Amino acid sequence: MRPIALVTGGNRGIGAGIVVALARRGFDVAIADLADTEDTTSTRGEAERHGARTAFVAADIADLAQHPRIVEAAWALGGRLDTLVNNAGVSSARRGDLLEVTPESFDRVLGINLRGTFFLTQAVARRMLAEAPGEAHRSIVTISSANSVIASPERGDYCFSKAAVSMMAKVFALRLAQAGIMSYEVRPGVIRTDMTKVAAARYDKLIAEGLTPIARWGEPEDVGRAVAVLASGDLPFVTGDALNVDGGMHIARL
């Protein structure tokens with residue numbers, strides 16, 4: 001029996017990389033995203049080519065009233081859920097001076113990246129605890145960012161949100177470990193997606209100048225492989241830790 005995963009923000013970019021990597025590792029995958037688009041069709045098609053059953057639910061995780069529908073759609077795929085991947089997220093409304101961050105941008109970023117993510121995780125964890133575990137490894141994988149520990153003052157609200165979900169992964173690890181549910185954090189670095197496209201020229205220059213020991217952009221597939229390793233239970237004595245998928249950018253150098 002294939003394990004079941006739910007990936008938020010799974011239509012494209014890092015989310016799509018995660019969906020396909022999980023499919024390759026033998027998972028069936030439910031995707032939650034804002035709308036069913038051509039990206040949805042492409043991602044589901046690629047996952048299904050690897051033998052996965054897929055499902056899609058159109059939902060905004062910032063709207064807590066939609067969470068029960070997301071949870072039900074995930075459970076409907078196979079009668080249980082083994083892995084939640086918290087991937088949905090947005091960047092700052094615009095990059096700029098920290099002193100010009102607006103309440104609207106702050107509320108939008110924190111509402112999706114932190115508030116929506118926390119309460120969806122809470123809902124999934126409650127359901128997991130209420131049901132007998134199957135044979136598959138059970139886990140919650142939260143996609144944060146290198147900005148959970150590396151400050152970027154031109155998008156402060158985004159940094160705040162990612163630092164918070166980094167701690168969220170740890171407190172869920174403490175709460176759920178005795179039930180056999182592990183909590184992990186994955187910290188992507190500079191990954192080639194639509195979110196980073198607006199700063200592509202800047203990142204090209206930084207990478208050429210030695211920003212990362214592995215001198216290239218990260219790809220969504222790099223993050224997807226990391227998530228698949230964790231979700232598959234290949235590291236059974238690990239919980240609450242962060243896996244940096246950033247080409248070594250996090251290493252302090254002198």
# chains A, B, ... in the order shown; residues from 1 in each chain; ligands from 1
$ residues_around --residues "A:Phe172" --least-positions-apart "3" --cutoff "12 Å" --atoms "only C-alpha atoms" --output "ChimeraX atom specification"
/A:118-119,121-122,124-126,139-142,165-169,175-185,239-241
$ select_by_dssp --residues "stretch 10-209 of chain A" --states "strand (DSSP E or B)" --output "ChimeraX atom specification"
/A:28-33,54-58,83-86,138-143,181-188,191
$ write_last_selection --atoms "C-alpha atoms" --output "PDB file, in the first residue's frame"
ATOM      1  CA  ASP A  28       0.206   8.976  -3.575  1.00  0.00           C
ATOM      2  CA  VAL A  29      -0.151  12.742  -3.320  1.00  0.00           C
ATOM      3  CA  ALA A  30      -2.936  15.200  -2.599  1.00  0.00           C
ATOM      4  CA  ILE A  31      -2.209  18.772  -3.682  1.00  0.00           C
ATOM      5  CA  ALA A  32      -3.751  21.858  -2.115  1.00  0.00           C
ATOM      6  CA  ASP A  33      -3.347  25.126  -3.980  1.00  0.00           C
ATOM      7  CA  THR A  54      -3.223  12.175  -7.137  1.00  0.00           C
ATOM      8  CA  ALA A  55      -5.984  14.467  -5.946  1.00  0.00           C
ATOM      9  CA  PHE A  56      -6.394  18.226  -5.956  1.00  0.00           C
ATOM     10  CA  VAL A  57      -8.272  20.621  -3.694  1.00  0.00           C
ATOM     11  CA  ALA A  58      -8.578  24.331  -4.479  1.00  0.00           C
ATOM     12  CA  THR A  83       2.867  12.979   5.547  1.00  0.00           C
ATOM     13  CA  LEU A  84       1.933  16.646   5.515  1.00  0.00           C
ATOM     14  CA  VAL A  85       4.298  18.918   3.589  1.00  0.00           C
ATOM     15  CA  ASN A  86       3.823  22.567   4.529  1.00  0.00           C
ATOM     16  CA  ARG A 138       4.339   9.452   9.645  1.00  0.00           C
ATOM     17  CA  SER A 139       5.725  12.956   9.466  1.00  0.00           C
ATOM     18  CA  ILE A 140       5.182  16.664   9.047  1.00  0.00           C
ATOM     19  CA  VAL A 141       7.722  18.418   6.832  1.00  0.00           C
ATOM     20  CA  THR A 142       7.749  22.210   6.909  1.00  0.00           C
ATOM     21  CA  ILE A 143       9.470  24.159   4.160  1.00  0.00           C
ATOM     22  CA  ILE A 181       4.963  11.370  14.162  1.00  0.00           C
ATOM     23  CA  MET A 182       8.187  13.156  13.275  1.00  0.00           C
ATOM     24  CA  SER A 183       8.502  16.844  12.453  1.00  0.00           C
ATOM     25  CA  TYR A 184      11.175  18.170  10.132  1.00  0.00           C
ATOM     26  CA  GLU A 185      12.188  21.501   8.661  1.00  0.00           C
ATOM     27  CA  VAL A 186      13.696  21.901   5.195  1.00  0.00           C
ATOM     28  CA  ARG A 187      15.494  25.198   4.520  1.00  0.00           C
ATOM     29  CA  PRO A 188      15.860  25.941   0.811  1.00  0.00           C
ATOM     30  CA  ILE A 191      16.068  28.000  -5.664  1.00  0.00           C
TER      31      ILE A 191
END
$ closest_atom_pairs --of "stretch 132-248 of chain A" --to "stretch 2-21 of chain A" --cutoff "8 Å" --atoms "only C-alpha atoms" --output "JSON lines"
{"residue": "A:Ala136", "atom": "CA", "partner": "A:Pro3", "partner_atom": "CA", "distance": 6.1}
{"residue": "A:Ile191", "atom": "CA", "partner": "A:Ile14", "partner_atom": "CA", "distance": 8.0}
{"residue": "A:Arg192", "atom": "CA", "partner": "A:Gly13", "partner_atom": "CA", "distance": 7.9}
{"residue": "A:Thr193", "atom": "CA", "partner": "A:Gly13", "partner_atom": "CA", "distance": 5.2}
{"residue": "A:Asp194", "atom": "CA", "partner": "A:Gly13", "partner_atom": "CA", "distance": 7.0}
{"residue": "A:Glu219", "atom": "CA", "partner": "A:Ile14", "partner_atom": "CA", "distance": 7.8}
{"residue": "A:Pro220", "atom": "CA", "partner": "A:Ile14", "partner_atom": "CA", "distance": 4.4}
{"residue": "A:Glu221", "atom": "CA", "partner": "A:Gly17", "partner_atom": "CA", "distance": 4.7}
{"residue": "A:Asp222", "atom": "CA", "partner": "A:Gly17", "partner_atom": "CA", "distance": 7.8}
{"residue": "A:Val223", "atom": "CA", "partner": "A:Ile14", "partner_atom": "CA", "distance": 6.7}
{"residue": "A:Gly224", "atom": "CA", "partner": "A:Ile18", "partner_atom": "CA", "distance": 3.8}
{"residue": "A:Arg225", "atom": "CA", "partner": "A:Ala21", "partner_atom": "CA", "distance": 5.7}
{"residue": "A:Val227", "atom": "CA", "partner": "A:Ile18", "partner_atom": "CA", "distance": 6.7}
{"residue": "A:Ala228", "atom": "CA", "partner": "A:Ala21", "partner_atom": "CA", "distance": 6.1}
$ residues_around --residues "A:Gly156" --least-positions-apart "4" --cutoff "10 Å" --atoms "only C-alpha atoms" --output "ChimeraX atom specification"
/A:91-92,95-99,101,106,147,151-152,160-161
$ write_last_selection --atoms "C-alpha atoms" --output "compact mmCIF listing (two decimals), in the first residue's frame"
# COMPACT_ATOMS: atom_id res chain seq x y z
CA SER A 91 7.19 36.48 -0.29
CA SER A 92 6.92 40.12 0.70
CA ARG A 95 11.34 44.06 -1.68
CA GLY A 96 12.41 47.32 -0.11
CA ASP A 97 13.20 49.28 3.00
CA LEU A 98 12.29 47.53 6.24
CA LEU A 99 10.96 50.87 7.46
CA VAL A 101 6.80 47.42 5.32
CA PHE A 106 2.85 41.91 6.98
CA ASN A 147 15.87 33.36 5.66
CA ALA A 151 18.48 38.14 7.65
CA SER A 152 17.33 40.00 4.53
CA PHE A 160 9.91 36.85 10.42
CA SER A 161 7.48 34.28 9.05
